[in-house]
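Trainee: Quick one: the structure is below, and I'll ask about it shortly.
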Amino acid sequence: MSLFDSPLFKDAFDQLERAAGTMGLDPNIAERLKYPKRALTVSVPIRLDDGTVKTFMGYRVQHNMTIGPGKGGIRFHPKVDLSETAALAMLMTFKCALVGLPLGGAKGGISVDPNELSRQELQALTRRYATEINMIVGPSIDIPAPDIGTDGQTMAWFMDTYSQLKGYTVPGVVTGKPISVGGSLGRAESTGKGVAYCINFAAKKLGMEINSKTAVAIHGFGKVGVPAAEDLAAQGARIVAISDVSGAIYKESGLDIKECVDWVKDRRFLKDYDAPGVEHITNEQLLTCPCDVLIPAAIDGVITEENAGEVKAKIVAEGANGPCSRGAIDILTENGSFIIPDILCNAGGVIVSYFEWVQGLQNFFWDLDQINGKLHDILKDAFENVYECSKTYNVDMKRAAMIGALRRLERAMRLRGLFPA
Ligand code: NAD
């Protein structure tokens, strides 16, 4: 597969072209933004617990670093490839620009099913990957973070490996670290919390209240889905459906989210979860179940032209990156759903990652109220800007968000110019 072949890359490319056409973006700027600045492919051989050696393919792509160092997660998932990673890096460029962070876009990953590896094998995989890409990452170059299949422990191993190679401790090389090794309060739940904030902003625009009448379905019960569920449940919303890679569960009167979280902590997967009134459904059924708010928070490309017409939600909050295809967005918009685009909806994670990076550089740590307050204010401003832009250009929120990001990138790229001139 070439760099440009994955559905996600084609989608990101298409979003860029459409927004560029609407706003009249300088074609020379658009041309540069279609390509990643740098892409590294590495092999990651590790010794498995049974003594055999297995090699996995890994990637790190830096899309654009005009505004600052690259920023973006590391994904461990069987579907990871160069093209998907490049598309995700491109989305990170737009996300950081949209919410006004002094950061560029990057992404990395390994094509692996982390559920099939032991803790020791995962540690070996992370450390070898960190070694293979260490020459293009660093606190002033490119700062990874967790994504699908990775977590605070992965970041601690990554930071330790990078620090061993340097000979001194470099906490600023990654964000999403555990608190005891320089992590930030509020980072773990920041993406889900940001999703919940954005749903509240959208509900206000639609004259909706988030309360016990609000039914919410969440596709993907991981680092994004869980805190979003907890936040919305705390506001009184009924979380009627959740899912993971093993399947989905549904209860019209609302699931007991605390119990579901405890279950997943103990037993990993939802497939055997059992409680009175709980029905087991498929991931596909969850996406079209009766609900007011749908949060696709697992993987990309789950809402397509095939199922978009069946989606019932008034608000579709893109917790994941690229969960709705371009064709699906058109259908959802036509059917009256309000879409909160990924580069806005899930930006809470990179915003608090930025706070973690800044706190690490200053060696001065903030309290949780400060962090959540700043997160709320940045997302509120960004939401209002995107909403205004959607009215000004008479376009959906997805295209409006892209226009907002491109405006900032265009200004910065013009000022820096092209080297050599
Ligand atoms: P995670 O690994 O913590 O959770 C992913 C969830 O999706 C799990 O419940 C997993 O079982 C489920 N899942 C995986 N494959 C699936 C499939 N084929 N069908 C249905 N469910 C599946 O990952 P995460 O960090 O919560 O990331 C989820 C999405 O949010 C990704 O698109 C990621 O890029 C995006 N995102 C994450 C962050 C972050 O801070 N973690 C920030 C921004 C965006």
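Identifiers in this document derive from the order of the structure tokens: chains are assigned A, B, ..., residues are numbered from 1 separately in each chain, and ligands are numbered from 1 in order of occurrence.
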Enumerate residues in contact with ligand 1: an atom-to-atom distance of at most 8 Å, counting only C-alpha atoms and all ligand atoms. Format the result as a PyMOL selection string.
Mentor: chain A and resi 73+75+77+88+145-151+176+187-192+219-226+243-247+269+283+297-300+319-323+342+346-350
Trainee: Can you tell me which residues surround A:Val53 at a distance of at most 12 Å, considering only C-alpha atoms, apart from same-chain residues fewer than 3 positions away, and format the answer as a list in words?
Mentor: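 Everything that qualifies: Val44, Pro45, Ile46, Arg47, Leu48, Asp49, Asp50, Phe56, Glu121, Ala124 and Leu125 of chain A.
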Trainee: Include all heavy atoms and write out the residues we just selected as a CSV table (one decimal), in the first residue's frame.
Mentor:
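Written file, out36.csv:
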```csv
chain,number,residue,atom,x,y,z
A,44,VAL,N,10.6,-4.0,14.1
A,44,VAL,CA,10.7,-4.0,15.6
A,44,VAL,C,10.7,-5.5,16.0
A,44,VAL,O,9.7,-6.1,16.3
A,44,VAL,CB,9.5,-3.3,16.3
A,44,VAL,CG1,9.7,-3.2,17.8
A,44,VAL,CG2,9.2,-2.0,15.7
A,45,PRO,N,11.9,-6.1,16.0
A,45,PRO,CA,12.0,-7.5,16.4
A,45,PRO,C,12.1,-7.7,17.9
A,45,PRO,O,12.8,-6.9,18.6
A,45,PRO,CB,13.4,-8.0,15.8
A,45,PRO,CG,14.2,-6.7,15.7
A,45,PRO,CD,13.2,-5.6,15.7
A,46,ILE,N,11.3,-8.6,18.5
A,46,ILE,CA,11.4,-8.9,19.9
A,46,ILE,C,11.4,-10.4,20.1
A,46,ILE,O,11.0,-11.2,19.3
A,46,ILE,CB,10.2,-8.3,20.7
A,46,ILE,CG1,8.8,-8.9,20.2
A,46,ILE,CG2,10.2,-6.8,20.7
A,46,ILE,CD1,7.7,-8.7,21.2
A,47,ARG,N,12.0,-10.8,21.3
A,47,ARG,CA,12.0,-12.2,21.7
A,47,ARG,C,10.7,-12.5,22.5
A,47,ARG,O,10.4,-11.8,23.5
A,47,ARG,CB,13.2,-12.6,22.5
A,47,ARG,CG,13.4,-14.1,22.7
A,47,ARG,CD,14.7,-14.4,23.4
A,47,ARG,NE,15.8,-14.0,22.7
A,47,ARG,CZ,16.4,-14.5,21.6
A,47,ARG,NH1,15.8,-15.6,21.1
A,47,ARG,NH2,17.4,-14.0,21.0
A,48,LEU,N,9.9,-13.4,22.0
A,48,LEU,CA,8.6,-13.7,22.7
A,48,LEU,C,8.9,-14.6,23.9
A,48,LEU,O,10.0,-15.1,24.0
A,48,LEU,CB,7.7,-14.5,21.7
A,48,LEU,CG,7.2,-13.7,20.5
A,48,LEU,CD1,6.4,-14.6,19.6
A,48,LEU,CD2,6.5,-12.4,20.8
A,49,ASP,N,7.9,-14.8,24.8
A,49,ASP,CA,8.1,-15.5,26.0
A,49,ASP,C,8.5,-17.0,25.7
A,49,ASP,O,9.2,-17.6,26.5
A,49,ASP,CB,6.8,-15.5,26.9
A,49,ASP,CG,6.5,-14.1,27.4
A,49,ASP,OD1,7.4,-13.3,27.4
A,49,ASP,OD2,5.4,-13.9,27.8
A,50,ASP,N,8.1,-17.5,24.5
A,50,ASP,CA,8.5,-18.9,24.2
A,50,ASP,C,9.9,-19.0,23.6
A,50,ASP,O,10.3,-20.1,23.2
A,50,ASP,CB,7.4,-19.5,23.3
A,50,ASP,CG,7.4,-18.9,21.9
A,50,ASP,OD1,8.3,-18.1,21.6
A,50,ASP,OD2,6.5,-19.2,21.1
A,56,PHE,N,7.8,-7.1,14.1
A,56,PHE,CA,6.6,-6.3,13.8
A,56,PHE,C,7.0,-5.0,13.0
A,56,PHE,O,8.2,-4.6,13.2
A,56,PHE,CB,5.9,-5.8,15.1
A,56,PHE,CG,5.5,-7.0,16.0
A,56,PHE,CD1,6.3,-7.6,16.9
A,56,PHE,CD2,4.2,-7.5,15.8
A,56,PHE,CE1,5.9,-8.7,17.7
A,56,PHE,CE2,3.8,-8.6,16.6
A,56,PHE,CZ,4.6,-9.2,17.5
A,121,GLU,N,6.5,-8.9,26.9
A,121,GLU,CA,6.6,-8.8,25.4
A,121,GLU,C,6.3,-7.4,25.0
A,121,GLU,O,6.9,-6.8,24.1
A,121,GLU,CB,5.7,-9.8,24.7
A,121,GLU,CG,6.2,-11.2,24.9
A,121,GLU,CD,5.2,-12.3,24.5
A,121,GLU,OE1,4.0,-12.0,24.4
A,121,GLU,OE2,5.6,-13.5,24.3
A,124,ALA,N,9.2,-5.1,25.8
A,124,ALA,CA,10.3,-5.3,24.8
A,124,ALA,C,9.9,-4.6,23.5
A,124,ALA,O,10.8,-3.9,22.9
A,124,ALA,CB,10.5,-6.8,24.6
A,125,LEU,N,8.7,-4.7,23.1
A,125,LEU,CA,8.2,-4.1,21.9
A,125,LEU,C,8.3,-2.6,21.9
A,125,LEU,O,8.9,-1.9,21.0
A,125,LEU,CB,6.7,-4.5,21.6
A,125,LEU,CG,6.1,-4.1,20.3
A,125,LEU,CD1,6.6,-5.0,19.2
A,125,LEU,CD2,4.6,-4.1,20.4
```
Trainee: Please return, as a PyMOL selection string, all residues of stretch 107-284 of chain A that DSSP assigns to helix (DSSP H, G or I) on the basis of the backbone.
Mentor: chain A and resi 114-116+119-136+152-166+171-173+179-181+187-205+225-234+257-267+283-284
Trainee: Among stretch 86-270 of chain A, which residues carry a DSSP assignment of strand (DSSP E), reported as a list in words?
Mentor: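 Taking stretch 86-270 of chain A and keeping strand (DSSP E) only, one gets Gly104, Gly105, Ala106, Lys107, Gly108, Gly109, Ile110, Ser111, Asp142, Ile143, Pro144, Ala145, Pro146, Ala215, Val216, Ala217, Ile218, His219, Arg238, Ile239, Val240, Ala241, Ile242, Ser243, Asp244, Gly247, Ala248, Ile249 and Tyr250 of chain A.
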Trainee: Quick one: residues within 7 Å of stretch 402-404 of chain A, only C-alpha atoms, excluding same-chain residues fewer than 4 positions away - as a compact mmCIF listing (two decimals) with N, CA and C atoms, in the first residue's frame?
Mentor:
```txt
# COMPACT_ATOMS: atom_id res chain seq x y z
N LEU A 16 -9.35 18.18 3.29
CA LEU A 16 -8.44 19.31 3.06
C LEU A 16 -8.83 20.03 1.77
N ALA A 19 -12.25 21.95 2.11
CA ALA A 19 -12.14 23.16 2.94
C ALA A 19 -11.32 24.21 2.21
N MET A 23 -12.66 28.07 1.35
CA MET A 23 -12.07 29.28 1.93
C MET A 23 -11.10 29.99 0.98
N PHE A 94 -3.94 19.47 11.90
CA PHE A 94 -5.14 20.31 11.86
C PHE A 94 -5.70 20.51 13.27
N LEU A 98 -6.16 24.04 15.02
CA LEU A 98 -7.52 24.49 15.32
C LEU A 98 -7.65 25.01 16.74
N VAL A 386 -15.57 27.46 15.49
CA VAL A 386 -15.99 26.52 14.44
C VAL A 386 -17.47 26.75 14.11
N LYS A 398 -17.82 19.92 10.25
CA LYS A 398 -16.59 19.21 9.87
C LYS A 398 -15.73 20.10 8.97
N ARG A 408 -5.12 29.20 10.35
CA ARG A 408 -3.96 29.41 11.23
C ARG A 408 -2.68 28.89 10.57
```
Trainee: For atom CA of A:Met397 and atom CA of A:Gly104, quote the distance in Å rounded to one decimal.
Mentor: 22.0 Å
Trainee: Determine, counting only C-alpha atoms, which protein, DNA and RNA residues have an atom within 12 Å of an atom of A:Ser6; residues of the same chain fewer than 5 positions away are not included. Present the result as an mmCIF file with all heavy atoms, in the first residue's frame.
Mentor:
```cif
data_model
loop_
_atom_site.group_PDB
_atom_site.id
_atom_site.type_symbol
_atom_site.label_atom_id
_atom_site.label_comp_id
_atom_site.auth_asym_id
_atom_site.auth_seq_id
_atom_site.Cartn_x
_atom_site.Cartn_y
_atom_site.Cartn_z
ATOM 1 N N MET A 1 0.846 -1.208 0.000
ATOM 2 C CA MET A 1 0.000 0.000 0.000
ATOM 3 C C MET A 1 0.880 1.256 0.000
ATOM 4 O O MET A 1 1.830 1.333 0.760
ATOM 5 C CB MET A 1 -0.885 -0.023 1.258
ATOM 6 C CG MET A 1 -1.810 1.172 1.365
ATOM 7 S SD MET A 1 -2.751 1.205 2.892
ATOM 8 C CE MET A 1 -4.106 0.130 2.536
ATOM 9 N N ASP A 11 -9.722 10.235 2.876
ATOM 10 C CA ASP A 11 -10.716 11.060 3.558
ATOM 11 C C ASP A 11 -10.123 12.376 4.059
ATOM 12 O O ASP A 11 -10.708 13.445 3.887
ATOM 13 C CB ASP A 11 -11.256 10.262 4.754
ATOM 14 C CG ASP A 11 -12.746 10.316 4.802
ATOM 15 O OD1 ASP A 11 -13.380 9.616 3.988
ATOM 16 O OD2 ASP A 11 -13.249 11.086 5.640
ATOM 17 N N ALA A 12 -8.930 12.275 4.678
ATOM 18 C CA ALA A 12 -8.282 13.479 5.214
ATOM 19 C C ALA A 12 -7.915 14.419 4.057
ATOM 20 O O ALA A 12 -8.093 15.640 4.137
ATOM 21 C CB ALA A 12 -7.034 13.088 6.006
ATOM 22 N N PHE A 13 -7.424 13.830 2.969
ATOM 23 C CA PHE A 13 -7.054 14.568 1.761
ATOM 24 C C PHE A 13 -8.273 15.298 1.184
ATOM 25 O O PHE A 13 -8.229 16.475 0.849
ATOM 26 C CB PHE A 13 -6.531 13.530 0.763
ATOM 27 C CG PHE A 13 -5.728 14.086 -0.355
ATOM 28 C CD1 PHE A 13 -4.368 14.261 -0.213
ATOM 29 C CD2 PHE A 13 -6.324 14.414 -1.558
ATOM 30 C CE1 PHE A 13 -3.610 14.764 -1.256
ATOM 31 C CE2 PHE A 13 -5.584 14.920 -2.604
ATOM 32 C CZ PHE A 13 -4.219 15.092 -2.452
ATOM 33 N N LYS A 79 -4.330 -3.034 12.513
ATOM 34 C CA LYS A 79 -4.625 -2.300 11.272
ATOM 35 C C LYS A 79 -3.613 -1.201 10.946
ATOM 36 O O LYS A 79 -3.710 -0.543 9.919
ATOM 37 C CB LYS A 79 -6.001 -1.638 11.420
ATOM 38 C CG LYS A 79 -7.131 -2.347 10.684
ATOM 39 C CD LYS A 79 -8.403 -1.518 10.745
ATOM 40 C CE LYS A 79 -8.254 -0.172 10.047
ATOM 41 N NZ LYS A 79 -9.329 0.776 10.322
ATOM 42 N N VAL A 80 -2.664 -0.968 11.871
ATOM 43 C CA VAL A 80 -1.702 0.141 11.662
ATOM 44 C C VAL A 80 -0.877 -0.104 10.396
ATOM 45 O O VAL A 80 -0.365 -1.204 10.176
ATOM 46 C CB VAL A 80 -0.761 0.272 12.888
ATOM 47 C CG1 VAL A 80 0.436 1.160 12.563
ATOM 48 C CG2 VAL A 80 -1.515 0.817 14.093
ATOM 49 N N ASP A 81 -0.783 0.911 9.540
ATOM 50 C CA ASP A 81 0.150 0.866 8.402
ATOM 51 C C ASP A 81 0.624 2.286 8.129
ATOM 52 O O ASP A 81 0.195 3.235 8.800
ATOM 53 C CB ASP A 81 -0.496 0.223 7.160
ATOM 54 C CG ASP A 81 -1.729 0.963 6.694
ATOM 55 O OD1 ASP A 81 -1.745 2.204 6.776
ATOM 56 O OD2 ASP A 81 -2.694 0.311 6.251
ATOM 57 N N LEU A 82 1.522 2.430 7.153
ATOM 58 C CA LEU A 82 2.128 3.739 6.905
ATOM 59 C C LEU A 82 1.082 4.773 6.489
ATOM 60 O O LEU A 82 1.100 5.914 6.956
ATOM 61 C CB LEU A 82 3.213 3.602 5.827
ATOM 62 C CG LEU A 82 3.946 4.894 5.469
ATOM 63 C CD1 LEU A 82 4.658 5.477 6.675
ATOM 64 C CD2 LEU A 82 4.943 4.642 4.335
ATOM 65 N N SER A 83 0.158 4.357 5.629
ATOM 66 C CA SER A 83 -0.815 5.314 5.102
ATOM 67 C C SER A 83 -1.772 5.789 6.193
ATOM 68 O O SER A 83 -2.075 6.985 6.301
ATOM 69 C CB SER A 83 -1.592 4.666 3.955
ATOM 70 O OG SER A 83 -2.509 5.565 3.426
ATOM 71 N N GLU A 84 -2.248 4.844 7.024
ATOM 72 C CA GLU A 84 -3.146 5.239 8.124
ATOM 73 C C GLU A 84 -2.403 6.169 9.084
ATOM 74 O O GLU A 84 -2.946 7.174 9.551
ATOM 75 C CB GLU A 84 -3.641 3.990 8.875
ATOM 76 C CG GLU A 84 -4.647 4.336 9.951
ATOM 77 C CD GLU A 84 -4.850 3.241 10.978
ATOM 78 O OE1 GLU A 84 -3.956 3.041 11.835
ATOM 79 O OE2 GLU A 84 -5.897 2.599 10.952
ATOM 80 N N THR A 85 -1.142 5.851 9.364
ATOM 81 C CA THR A 85 -0.364 6.673 10.300
ATOM 82 C C THR A 85 -0.166 8.078 9.723
ATOM 83 O O THR A 85 -0.264 9.081 10.448
ATOM 84 C CB THR A 85 0.998 6.001 10.593
ATOM 85 O OG1 THR A 85 0.753 4.637 10.958
ATOM 86 C CG2 THR A 85 1.734 6.688 11.720
ATOM 87 N N ALA A 86 0.074 8.154 8.412
ATOM 88 C CA ALA A 86 0.255 9.468 7.767
ATOM 89 C C ALA A 86 -1.035 10.283 7.837
ATOM 90 O O ALA A 86 -1.000 11.496 8.078
ATOM 91 C CB ALA A 86 0.687 9.276 6.314
ATOM 92 N N ALA A 87 -2.174 9.613 7.637
ATOM 93 C CA ALA A 87 -3.461 10.322 7.705
ATOM 94 C C ALA A 87 -3.690 10.857 9.115
ATOM 95 O O ALA A 87 -4.125 11.996 9.310
ATOM 96 C CB ALA A 87 -4.594 9.367 7.314
ATOM 97 N N LEU A 88 -3.372 10.029 10.116
ATOM 98 C CA LEU A 88 -3.581 10.446 11.509
ATOM 99 C C LEU A 88 -2.636 11.594 11.880
ATOM 100 O O LEU A 88 -2.999 12.496 12.638
ATOM 101 C CB LEU A 88 -3.410 9.248 12.449
ATOM 102 C CG LEU A 88 -4.527 8.200 12.330
ATOM 103 C CD1 LEU A 88 -4.126 6.890 13.006
ATOM 104 C CD2 LEU A 88 -5.836 8.713 12.938
ATOM 105 N N ASP A 300 -11.427 4.277 13.285
ATOM 106 C CA ASP A 300 -11.924 5.080 12.171
ATOM 107 C C ASP A 300 -12.838 4.253 11.262
ATOM 108 O O ASP A 300 -12.849 3.021 11.321
ATOM 109 C CB ASP A 300 -10.743 5.633 11.359
ATOM 110 C CG ASP A 300 -9.883 4.523 10.787
ATOM 111 O OD1 ASP A 300 -8.984 4.053 11.496
ATOM 112 O OD2 ASP A 300 -10.147 4.087 9.640
ATOM 113 N N GLY A 301 -13.599 4.969 10.443
ATOM 114 C CA GLY A 301 -14.373 4.351 9.360
ATOM 115 C C GLY A 301 -15.511 3.433 9.793
ATOM 116 O O GLY A 301 -15.843 2.503 9.075
#
```
Trainee: Between A:Val264, A:Ala401, A:Cys96, A:Ala106, which is the closest to A:Arg60 once you count only C-alpha atoms?
Mentor: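 Of A:Val264, A:Ala401, A:Cys96, A:Ala106, the one nearest A:Arg60, counting only C-alpha atoms, is A:Ala106.
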Trainee: Between A:Val173, A:Met92, A:Leu101, A:Cys345, which has the minimum distance to A:Ile295 (counting only C-alpha atoms)?
Mentor: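 Under the stated criterion, the closest residue is A:Cys345.
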Trainee: For atom CA of A:Trp157 and atom CA of A:Arg127, determine how far apart the two atoms are, in Å to one decimal place.
Mentor: 6.4 Å
Trainee: What's the separation between atom CA of A:Asn385 and atom CA of A:Gly417, in Å to one decimal place?
Mentor: 26.4 Å
Trainee: Using only C-alpha atoms, which residues sit within 7 Å of A:Ile303 once same-chain residues fewer than 3 positions away are excluded, as a PDB file with all heavy atoms, in the first residue's frame?
Mentor:
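This is the output file part.pdb:
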```pdb
ATOM      1  N   ASN A 307     -24.314   2.659   6.649  1.00  0.00           N
ATOM      2  CA  ASN A 307     -25.131   2.669   7.871  1.00  0.00           C
ATOM      3  C   ASN A 307     -25.522   4.066   8.349  1.00  0.00           C
ATOM      4  O   ASN A 307     -26.318   4.201   9.271  1.00  0.00           O
ATOM      5  CB  ASN A 307     -24.423   1.891   9.005  1.00  0.00           C
ATOM      6  CG  ASN A 307     -23.064   2.474   9.356  1.00  0.00           C
ATOM      7  OD1 ASN A 307     -22.636   3.443   8.739  1.00  0.00           O
ATOM      8  ND2 ASN A 307     -22.408   1.900  10.342  1.00  0.00           N
ATOM      9  N   ALA A 308     -24.994   5.130   7.713  1.00  0.00           N
ATOM     10  CA  ALA A 308     -25.252   6.493   8.214  1.00  0.00           C
ATOM     11  C   ALA A 308     -26.745   6.825   8.214  1.00  0.00           C
ATOM     12  O   ALA A 308     -27.236   7.504   9.126  1.00  0.00           O
ATOM     13  CB  ALA A 308     -24.484   7.511   7.377  1.00  0.00           C
ATOM     14  N   PRO A 323     -13.996   8.584  12.582  1.00  0.00           N
ATOM     15  CA  PRO A 323     -14.963   7.476  12.654  1.00  0.00           C
ATOM     16  C   PRO A 323     -16.043   7.549  11.575  1.00  0.00           C
ATOM     17  O   PRO A 323     -16.637   6.538  11.240  1.00  0.00           O
ATOM     18  CB  PRO A 323     -15.582   7.635  14.047  1.00  0.00           C
ATOM     19  CG  PRO A 323     -15.454   9.082  14.362  1.00  0.00           C
ATOM     20  CD  PRO A 323     -14.162   9.531  13.712  1.00  0.00           C
ATOM     21  N   CYS A 324     -16.297   8.769  11.023  1.00  0.00           N
ATOM     22  CA  CYS A 324     -17.343   8.911   9.998  1.00  0.00           C
ATOM     23  C   CYS A 324     -16.679   9.228   8.665  1.00  0.00           C
ATOM     24  O   CYS A 324     -15.880  10.167   8.575  1.00  0.00           O
ATOM     25  CB  CYS A 324     -18.283  10.069  10.322  1.00  0.00           C
ATOM     26  SG  CYS A 324     -19.054   9.972  11.944  1.00  0.00           S
ATOM     27  N   SER A 325     -17.039   8.464   7.631  1.00  0.00           N
ATOM     28  CA  SER A 325     -16.475   8.758   6.303  1.00  0.00           C
ATOM     29  C   SER A 325     -17.103  10.039   5.778  1.00  0.00           C
ATOM     30  O   SER A 325     -18.139  10.497   6.280  1.00  0.00           O
ATOM     31  CB  SER A 325     -16.764   7.603   5.341  1.00  0.00           C
ATOM     32  OG  SER A 325     -18.140   7.608   5.009  1.00  0.00           O
ATOM     33  N   ALA A 328     -20.594   9.600   4.807  1.00  0.00           N
ATOM     34  CA  ALA A 328     -21.460   9.459   5.988  1.00  0.00           C
ATOM     35  C   ALA A 328     -21.782  10.827   6.574  1.00  0.00           C
ATOM     36  O   ALA A 328     -22.927  11.088   6.976  1.00  0.00           O
ATOM     37  CB  ALA A 328     -20.762   8.587   7.038  1.00  0.00           C
TER      38      ALA A 328
END
```
Trainee: Residues within 8 Å of A:Thr66, please, as a list of chain:residue names. Count only C-alpha atoms; anything in the same chain fewer than 6 positions from it doesn't count.
Mentor: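 Here the qualifying residues turn out to be A:Gly104, A:Leu409, A:Ala412, A:Met413, A:Arg416.
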Trainee: From the options A:Lys177, A:Arg407, A:Arg38, A:Lys10, which residue's atoms come nearest to A:Gln62, counting only C-alpha atoms?
Mentor: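 Counting only C-alpha atoms, the residue closest to A:Gln62 is A:Arg38.
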Trainee: Using only C-alpha atoms, which residues sit within 10 Å of A:Val181 once same-chain residues fewer than 3 positions away are excluded, as a VMD selection string?
Mentor: chain A and resid 152 155 to 156 159 to 160 169 171 177 to 178 184
Trainee: Please write the residues from the selection above to a file, keeping all heavy atoms, as an mmCIF file, in the first residue's frame.
Mentor:
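The result, written out as part31.cif:
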```cif
data_model
loop_
_atom_site.group_PDB
_atom_site.id
_atom_site.type_symbol
_atom_site.label_atom_id
_atom_site.label_comp_id
_atom_site.auth_asym_id
_atom_site.auth_seq_id
_atom_site.Cartn_x
_atom_site.Cartn_y
_atom_site.Cartn_z
ATOM 1 N N GLY A 152 -0.381 4.816 29.883
ATOM 2 C CA GLY A 152 0.646 5.480 30.684
ATOM 3 C C GLY A 152 1.872 4.599 30.886
ATOM 4 O O GLY A 152 3.012 5.083 30.851
ATOM 5 N N MET A 155 4.038 4.750 27.928
ATOM 6 C CA MET A 155 4.781 6.021 27.877
ATOM 7 C C MET A 155 5.955 6.005 28.858
ATOM 8 O O MET A 155 7.025 6.551 28.570
ATOM 9 C CB MET A 155 3.844 7.203 28.184
ATOM 10 C CG MET A 155 2.768 7.423 27.150
ATOM 11 S SD MET A 155 3.422 7.634 25.465
ATOM 12 C CE MET A 155 2.877 6.128 24.679
ATOM 13 N N ALA A 156 5.749 5.376 30.028
ATOM 14 C CA ALA A 156 6.841 5.297 31.017
ATOM 15 C C ALA A 156 8.004 4.470 30.440
ATOM 16 O O ALA A 156 9.173 4.848 30.582
ATOM 17 C CB ALA A 156 6.327 4.681 32.310
ATOM 18 N N MET A 159 9.683 6.627 27.723
ATOM 19 C CA MET A 159 10.485 7.710 28.321
ATOM 20 C C MET A 159 11.760 7.148 28.932
ATOM 21 O O MET A 159 12.850 7.716 28.784
ATOM 22 C CB MET A 159 9.633 8.421 29.380
ATOM 23 C CG MET A 159 10.261 9.627 30.013
ATOM 24 S SD MET A 159 11.292 9.212 31.418
ATOM 25 C CE MET A 159 10.159 9.422 32.756
ATOM 26 N N ASP A 160 11.651 5.999 29.607
ATOM 27 C CA ASP A 160 12.833 5.395 30.233
ATOM 28 C C ASP A 160 13.863 4.990 29.171
ATOM 29 O O ASP A 160 15.065 5.230 29.326
ATOM 30 C CB ASP A 160 12.428 4.172 31.065
ATOM 31 C CG ASP A 160 13.640 3.593 31.783
ATOM 32 O OD1 ASP A 160 14.128 4.240 32.728
ATOM 33 O OD2 ASP A 160 14.151 2.532 31.348
ATOM 34 N N THR A 169 17.529 11.846 32.477
ATOM 35 C CA THR A 169 16.077 11.682 32.400
ATOM 36 C C THR A 169 15.442 12.788 31.560
ATOM 37 O O THR A 169 15.695 13.973 31.796
ATOM 38 C CB THR A 169 15.484 11.665 33.827
ATOM 39 O OG1 THR A 169 16.073 10.555 34.502
ATOM 40 C CG2 THR A 169 13.971 11.495 33.821
ATOM 41 N N PRO A 171 11.800 13.664 30.800
ATOM 42 C CA PRO A 171 10.360 13.427 30.905
ATOM 43 C C PRO A 171 9.579 14.042 29.740
ATOM 44 O O PRO A 171 8.531 13.527 29.353
ATOM 45 C CB PRO A 171 9.964 14.103 32.230
ATOM 46 C CG PRO A 171 11.204 14.646 32.837
ATOM 47 C CD PRO A 171 12.344 14.460 31.918
ATOM 48 N N LYS A 177 2.128 10.391 30.568
ATOM 49 C CA LYS A 177 2.891 9.554 31.514
ATOM 50 C C LYS A 177 2.109 9.430 32.822
ATOM 51 O O LYS A 177 1.323 10.322 33.165
ATOM 52 C CB LYS A 177 4.245 10.237 31.840
ATOM 53 C CG LYS A 177 5.149 10.451 30.648
ATOM 54 C CD LYS A 177 6.447 11.141 31.047
ATOM 55 C CE LYS A 177 6.289 12.581 31.499
ATOM 56 N NZ LYS A 177 5.861 13.513 30.451
ATOM 57 N N PRO A 178 2.390 8.380 33.607
ATOM 58 C CA PRO A 178 1.815 8.326 34.951
ATOM 59 C C PRO A 178 2.321 9.528 35.776
ATOM 60 O O PRO A 178 3.427 10.023 35.534
ATOM 61 C CB PRO A 178 2.357 7.010 35.514
ATOM 62 C CG PRO A 178 2.743 6.205 34.301
ATOM 63 C CD PRO A 178 3.169 7.190 33.262
ATOM 64 N N SER A 184 0.682 14.651 34.043
ATOM 65 C CA SER A 184 -0.141 15.773 34.507
ATOM 66 C C SER A 184 -1.430 15.254 35.108
ATOM 67 O O SER A 184 -2.023 14.299 34.594
ATOM 68 C CB SER A 184 -0.491 16.677 33.325
ATOM 69 O OG SER A 184 -1.417 17.664 33.725
#
```
Trainee: Which residue out of A:Trp357, A:Tyr129, A:Ile74, A:Ala405 has the minimum interatomic distance to A:Cys389 when only C-alpha atoms are used?
Mentor: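 The closest residue to A:Cys389 is A:Ala405.
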